[in-house]
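Beneath this line is the structure, given in structure tokens, with notes to follow.
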Amino acid sequence: MPTRVAPRPARDDLAAALGHVPLFSALETGELEQIAATVRSIELKRGETLFTAGQHPEGIYVVTDGLVKLSIMAPDGAERIVDLITPTHAFGEALAFLDRPAPVTATALEHSRLLLVPRRMVADALQEASPLVRRMLAGLSQRLHYLLMDIESVCLHSARERVIRYVLSLREEEHGTAAEVQLPARKHVIAARLNLTPETFSRVLHELATEGLIEVAGTRIRIPDVLKLRGKCVRC
């Protein structure tokens with residue numbers, strides 16, 4: 001991660017800048033100033049990487065000038081761009097709230113300036129929030145994280161891996177050697193959800209069933225050995 005820190009603007013300027021960011025726009029002036037007191041300014045040269053997939057971002061990043069891309073690298077070496085972050089927009093929120101490693105790489109497409117709201121500030125703010133607010137925010141952040149992981153799955157995983165990951169995600173219990181899951185919709189809908197054709201989805205299910213990894217009965221799928229099925233997915 002870059003260590004070059006840009007000159008720090010005045011706190012009032014920082015608070016005003018944060019107030020234009022959708023994530024912070026509903027906060028009161030005093031709350032914005034409280035966050036501004038912890039903010040660090042960062043400059044990135046064109047092509048410079050802020051963090052790579054697998055690293056823990058330092059907090060929530062706000063782009064004030066420039067353009068930052070969030071991308072993942074496919075197994076064939078091709079880059080898949082997940083999002084482009086323009087001025088007044090933030091990224092890394094879900095990762096900061098959940099303290100998870102990044103599934104994407106953040107790179108400046110042009111000379112960029114960012115504000116970093118440290119993860120410690122986020123953690124302290126959560127400690128002061130009510131248990132209800134913390135649970136709701138954790139749920140929202142988890143949902144955002146899942147959406148990002150879905151994008152990663154579509155970009156990086158083969159059809160077989162997508163189906164295996166999805167079937168495993170339907171388990172209600174994380175423990176146990178066997179499991180039985182219910183598809184929540186008709187198979188052609190699930191196929192679209194996984195960015196597959198219905199024919200490909202059915203073919204993969206048939207192949208897994210032929211190999212004894214699953215048993216399919218309509219929309220019910222039984223997994224005789226969860227670990228064995230997971231072992232067939234390189235990135236599961």
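Chain labels run A, B, ... following the order of the structure tokens; each chain numbers its residues from 1, and ligands are numbered from 1 in the order shown.
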
Next item on the list: Please provide the set of residues having any atom within 8 Å of A:Ser202, restricted to only C-alpha atoms, with same-chain residues fewer than 4 positions apart removed, written as a VMD selection string.
Entry: chain A and resid 187 198 206

I need the chosen residues saved as a PDB file, in the first residue's frame, with N, CA and C atoms.
ATOM      1  N   LYS A 187     -34.987 -23.646 -12.014  1.00  0.00           N
ATOM      2  CA  LYS A 187     -33.595 -23.794 -12.431  1.00  0.00           C
ATOM      3  C   LYS A 187     -33.171 -22.742 -13.449  1.00  0.00           C
ATOM      4  N   PRO A 198     -29.536 -21.997 -19.093  1.00  0.00           N
ATOM      5  CA  PRO A 198     -30.215 -23.116 -18.418  1.00  0.00           C
ATOM      6  C   PRO A 198     -29.605 -24.460 -18.797  1.00  0.00           C
ATOM      7  N   HIS A 206     -26.034 -32.388 -13.795  1.00  0.00           N
ATOM      8  CA  HIS A 206     -26.011 -33.789 -14.227  1.00  0.00           C
ATOM      9  C   HIS A 206     -24.620 -34.389 -14.044  1.00  0.00           C
TER      10      HIS A 206
END

Hey, what's within 7 Å of A:Leu44 if we count only C-alpha atoms and toss same-chain stuff fewer than 5 positions away? As a short mmCIF file (atom, residue, chain, number, x, y, z; two decimals) with all heavy atoms, in the first residue's frame, please?
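Produced file result-v8.cif, reproduced below:
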data_model
loop_
_atom_site.label_atom_id
_atom_site.label_comp_id
_atom_site.auth_asym_id
_atom_site.auth_seq_id
_atom_site.Cartn_x
_atom_site.Cartn_y
_atom_site.Cartn_z
N ALA A 108 -5.15 3.61 -9.30
CA ALA A 108 -5.47 4.93 -9.85
C ALA A 108 -5.33 4.91 -11.36
O ALA A 108 -4.29 4.51 -11.89
CB ALA A 108 -4.56 5.99 -9.24
N HIS A 111 -3.79 10.62 -11.98
CA HIS A 111 -3.33 11.18 -10.71
C HIS A 111 -4.55 11.46 -9.83
O HIS A 111 -5.48 12.16 -10.24
CB HIS A 111 -2.56 12.48 -10.95
CG HIS A 111 -1.97 13.06 -9.71
ND1 HIS A 111 -2.65 13.95 -8.91
CD2 HIS A 111 -0.77 12.84 -9.10
CE1 HIS A 111 -1.89 14.28 -7.88
NE2 HIS A 111 -0.75 13.62 -7.96
N SER A 112 -4.54 10.88 -8.62
CA SER A 112 -5.74 10.94 -7.78
C SER A 112 -5.41 11.34 -6.35
O SER A 112 -4.30 11.06 -5.85
CB SER A 112 -6.44 9.57 -7.76
OG SER A 112 -6.80 9.16 -9.06
N ARG A 113 -6.35 12.00 -5.72
CA ARG A 113 -6.26 12.34 -4.31
C ARG A 113 -7.42 11.67 -3.59
O ARG A 113 -8.56 11.70 -4.06
CB ARG A 113 -6.29 13.86 -4.11
CG ARG A 113 -5.07 14.58 -4.65
CD ARG A 113 -5.14 16.07 -4.35
NE ARG A 113 -3.93 16.75 -4.80
CZ ARG A 113 -3.77 17.22 -6.03
NH1 ARG A 113 -4.74 17.08 -6.93
NH2 ARG A 113 -2.65 17.84 -6.36
#

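Restricting the calculation to only C-alpha atoms, the smallest distance between A:Thr52 and any of A:Ser71, A:Ser158, A:Thr200, A:Thr29 is found for A:Ser71.
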
Note to self: Which residues are near A:Gly30? Cut-off 9 Å, only C-alpha atoms, ignore same chain within fewer than 4 positions. Put them as a list of chain:residue names.
What the structure shows: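 Contacts, in chain order: A:Ala15, A:Gln34, A:Ile35.
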
I need the residues from that last selection saved to file as a compact mmCIF listing (two decimals), in the first residue's frame (with N, CA and C atoms), if you can.
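Result went into out24.txt, see below:
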# COMPACT_ATOMS: atom_id res chain seq x y z
N ALA A 15 -14.20 18.32 6.54
CA ALA A 15 -15.59 18.06 6.93
C ALA A 15 -16.53 18.40 5.79
N GLN A 34 -15.78 15.40 13.62
CA GLN A 34 -15.19 14.32 14.41
C GLN A 34 -14.46 13.33 13.49
N ILE A 35 -15.09 12.99 12.39
CA ILE A 35 -14.45 12.08 11.43
C ILE A 35 -13.26 12.77 10.78

Margin query: Taking the DSSP secondary structure from the backbone, can you list the residues of stretch 43-131 of chain A that are strand (DSSP E or B), as a VMD selection string?
Written below: chain A and resid 43 to 44 49 to 51 59 to 65 68 to 73 79 to 85 90 to 91 105 to 108 112 to 118

Margin query: My list of candidates is A:Arg193, A:Arg165, A:His56, A:Lys228. Which is closest to A:Asp99 when distances are computed with only C-alpha atoms?
Written below: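 Of all the options, A:His56 lies closest to A:Asp99.
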
Note to self: Which residues are close to A:Ile72, i.e. within 6 Å by only C-alpha atoms, leaving aside same-chain residues fewer than 4 positions away? Reply as a list in words.
What the structure shows: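 Here the answer would be Glu79, Arg80 and Val104 of chain A.
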
Include all heavy atoms and write out the residues we just selected as a PDB file, in the first residue's frame.
ATOM      1  N   GLU A  79      -7.882  -8.761 -17.105  1.00  0.00           N
ATOM      2  CA  GLU A  79      -8.389  -7.949 -16.005  1.00  0.00           C
ATOM      3  C   GLU A  79      -9.887  -7.720 -16.167  1.00  0.00           C
ATOM      4  O   GLU A  79     -10.367  -7.439 -17.257  1.00  0.00           O
ATOM      5  CB  GLU A  79      -7.663  -6.607 -15.971  1.00  0.00           C
ATOM      6  CG  GLU A  79      -8.110  -5.703 -14.832  1.00  0.00           C
ATOM      7  CD  GLU A  79      -7.471  -4.323 -14.909  1.00  0.00           C
ATOM      8  OE1 GLU A  79      -7.609  -3.660 -15.954  1.00  0.00           O
ATOM      9  OE2 GLU A  79      -6.848  -3.913 -13.920  1.00  0.00           O
ATOM     10  N   ARG A  80     -10.626  -7.832 -15.073  1.00  0.00           N
ATOM     11  CA  ARG A  80     -12.055  -7.549 -15.068  1.00  0.00           C
ATOM     12  C   ARG A  80     -12.284  -6.342 -14.156  1.00  0.00           C
ATOM     13  O   ARG A  80     -11.974  -6.401 -12.957  1.00  0.00           O
ATOM     14  CB  ARG A  80     -12.857  -8.742 -14.539  1.00  0.00           C
ATOM     15  CG  ARG A  80     -12.636 -10.033 -15.310  1.00  0.00           C
ATOM     16  CD  ARG A  80     -13.311 -10.016 -16.675  1.00  0.00           C
ATOM     17  NE  ARG A  80     -13.311 -11.338 -17.276  1.00  0.00           N
ATOM     18  CZ  ARG A  80     -12.362 -11.801 -18.085  1.00  0.00           C
ATOM     19  NH1 ARG A  80     -11.327 -11.027 -18.376  1.00  0.00           N
ATOM     20  NH2 ARG A  80     -12.424 -13.017 -18.601  1.00  0.00           N
ATOM     21  N   VAL A 104     -10.781  -7.300  -4.324  1.00  0.00           N
ATOM     22  CA  VAL A 104     -10.426  -6.551  -5.532  1.00  0.00           C
ATOM     23  C   VAL A 104      -9.117  -5.798  -5.316  1.00  0.00           C
ATOM     24  O   VAL A 104      -8.639  -5.655  -4.196  1.00  0.00           O
ATOM     25  CB  VAL A 104     -11.532  -5.534  -5.908  1.00  0.00           C
ATOM     26  CG1 VAL A 104     -12.839  -6.246  -6.235  1.00  0.00           C
ATOM     27  CG2 VAL A 104     -11.737  -4.522  -4.773  1.00  0.00           C
TER      28      VAL A 104
END

List as an mmCIF file with N, CA, C and O atoms, in the first residue's frame the protein and nucleic acid residues near A:Pro57, meaning an atom at most 10 Å away when only C-alpha atoms are counted, but skip any in the same chain fewer than 5 places from it.
data_model
loop_
_atom_site.group_PDB
_atom_site.id
_atom_site.type_symbol
_atom_site.label_atom_id
_atom_site.label_comp_id
_atom_site.auth_asym_id
_atom_site.auth_seq_id
_atom_site.Cartn_x
_atom_site.Cartn_y
_atom_site.Cartn_z
ATOM 1 N N MET A 1 0.840 -1.199 0.000
ATOM 2 C CA MET A 1 0.000 0.000 0.000
ATOM 3 C C MET A 1 0.875 1.249 0.000
ATOM 4 O O MET A 1 1.952 1.255 0.596
ATOM 5 N N LEU A 50 -3.345 1.126 -4.776
ATOM 6 C CA LEU A 50 -3.643 1.472 -3.381
ATOM 7 C C LEU A 50 -3.586 0.230 -2.510
ATOM 8 O O LEU A 50 -2.946 0.218 -1.462
ATOM 9 N N PHE A 51 -4.257 -0.822 -2.940
ATOM 10 C CA PHE A 51 -4.164 -2.128 -2.273
ATOM 11 C C PHE A 51 -4.510 -3.198 -3.299
ATOM 12 O O PHE A 51 -5.151 -2.923 -4.317
ATOM 13 N N THR A 52 -4.063 -4.414 -3.023
ATOM 14 C CA THR A 52 -4.322 -5.527 -3.926
ATOM 15 C C THR A 52 -5.285 -6.519 -3.283
ATOM 16 O O THR A 52 -5.475 -6.515 -2.064
ATOM 17 N N GLY A 92 -14.704 0.618 -0.092
ATOM 18 C CA GLY A 92 -14.112 -0.084 1.043
ATOM 19 C C GLY A 92 -14.985 -0.082 2.283
ATOM 20 O O GLY A 92 -14.565 -0.550 3.351
ATOM 21 N N GLU A 93 -16.232 0.417 2.165
ATOM 22 C CA GLU A 93 -17.090 0.521 3.353
ATOM 23 C C GLU A 93 -17.375 -0.835 3.985
ATOM 24 O O GLU A 93 -17.189 -1.027 5.192
ATOM 25 N N LEU A 95 -15.830 -3.638 3.673
ATOM 26 C CA LEU A 95 -14.619 -4.273 4.183
ATOM 27 C C LEU A 95 -14.209 -3.674 5.517
ATOM 28 O O LEU A 95 -13.734 -4.382 6.414
ATOM 29 N N ALA A 96 -14.393 -2.359 5.670
ATOM 30 C CA ALA A 96 -14.037 -1.697 6.928
ATOM 31 C C ALA A 96 -14.957 -2.131 8.056
ATOM 32 O O ALA A 96 -14.526 -2.395 9.181
ATOM 33 N N ASP A 99 -14.172 -5.882 8.574
ATOM 34 C CA ASP A 99 -12.758 -6.203 8.764
ATOM 35 C C ASP A 99 -12.382 -7.433 7.935
ATOM 36 O O ASP A 99 -11.840 -8.409 8.441
ATOM 37 N N ARG A 100 -12.676 -7.368 6.645
ATOM 38 C CA ARG A 100 -12.389 -8.463 5.719
ATOM 39 C C ARG A 100 -11.295 -8.049 4.735
ATOM 40 O O ARG A 100 -11.127 -6.870 4.435
ATOM 41 N N PRO A 101 -10.561 -9.022 4.192
ATOM 42 C CA PRO A 101 -9.585 -8.696 3.142
ATOM 43 C C PRO A 101 -10.313 -8.301 1.861
ATOM 44 O O PRO A 101 -11.452 -8.720 1.627
ATOM 45 N N ALA A 102 -9.666 -7.525 1.038
ATOM 46 C CA ALA A 102 -10.284 -7.044 -0.192
ATOM 47 C C ALA A 102 -10.317 -8.136 -1.259
ATOM 48 O O ALA A 102 -9.311 -8.809 -1.489
ATOM 49 N N ALA A 106 -7.334 -2.036 -6.020
ATOM 50 C CA ALA A 106 -7.674 -0.638 -6.274
ATOM 51 C C ALA A 106 -6.467 0.068 -6.883
ATOM 52 O O ALA A 106 -5.391 0.100 -6.287
ATOM 53 N N LEU A 116 -8.637 9.070 3.543
ATOM 54 C CA LEU A 116 -8.758 7.782 4.222
ATOM 55 C C LEU A 116 -9.372 7.987 5.601
ATOM 56 O O LEU A 116 -8.823 8.698 6.443
ATOM 57 N N PRO A 118 -9.760 6.085 8.761
ATOM 58 C CA PRO A 118 -9.129 4.878 9.304
ATOM 59 C C PRO A 118 -10.132 3.866 9.852
ATOM 60 O O PRO A 118 -11.186 4.227 10.369
ATOM 61 N N ARG A 119 -9.759 2.603 9.713
ATOM 62 C CA ARG A 119 -10.619 1.526 10.198
ATOM 63 C C ARG A 119 -10.852 1.651 11.702
ATOM 64 O O ARG A 119 -11.915 1.295 12.212
#

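Take atom CA of A:Leu194 and atom CA of A:Tyr166: the distance between them is 8.2 Å.
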
Check: Which neighbours of A:Glu215 fall inside 12 Å, counting only C-alpha atoms, when residues of the same chain fewer than 5 positions from it are skipped, and could you give them as a list in words?
Finding: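 So, after excluding close chain neighbours, the residues are Val167, Ala178, Ala179, Glu180, Val181, Gln182, Leu205, His206, Glu207, Leu208, Ala209, Thr210, Arg220, Ile221, Arg222, Ile223, Pro224, Asp225 and Leu229 of chain A.
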
Emit the selected residues as a tab-separated table (two decimals), in the first residue's frame, including C-alpha atoms.
chain	number	residue	atom	x	y	z
A	167	VAL	CA	-25.17	-25.10	-3.92
A	178	ALA	CA	-23.90	-34.28	4.54
A	179	ALA	CA	-26.52	-31.70	3.68
A	180	GLU	CA	-29.76	-31.22	1.78
A	181	VAL	CA	-30.66	-27.90	0.18
A	182	GLN	CA	-33.65	-26.42	-1.59
A	205	LEU	CA	-25.86	-30.59	-12.17
A	206	HIS	CA	-26.01	-33.79	-14.23
A	207	GLU	CA	-22.22	-34.12	-14.24
A	208	LEU	CA	-22.01	-33.62	-10.47
A	209	ALA	CA	-24.78	-36.16	-9.95
A	210	THR	CA	-23.05	-38.68	-12.25
A	220	ARG	CA	-34.05	-30.52	-3.85
A	221	ILE	CA	-30.34	-31.31	-3.87
A	222	ARG	CA	-28.69	-33.68	-1.43
A	223	ILE	CA	-24.95	-33.43	-0.80
A	224	PRO	CA	-23.66	-36.79	0.52
A	225	ASP	CA	-20.21	-35.41	1.37
A	229	LEU	CA	-17.95	-31.48	-3.12

Next item on the list: List every residue of stretch 54-230 of chain A that DSSP, applied to the backbone of this structure, places in helix (DSSP H, G or I), and write the result as a ChimeraX atom specification.
Entry: /A:93-98,119-128,131-156,159-169,187-193,198-210,226-230
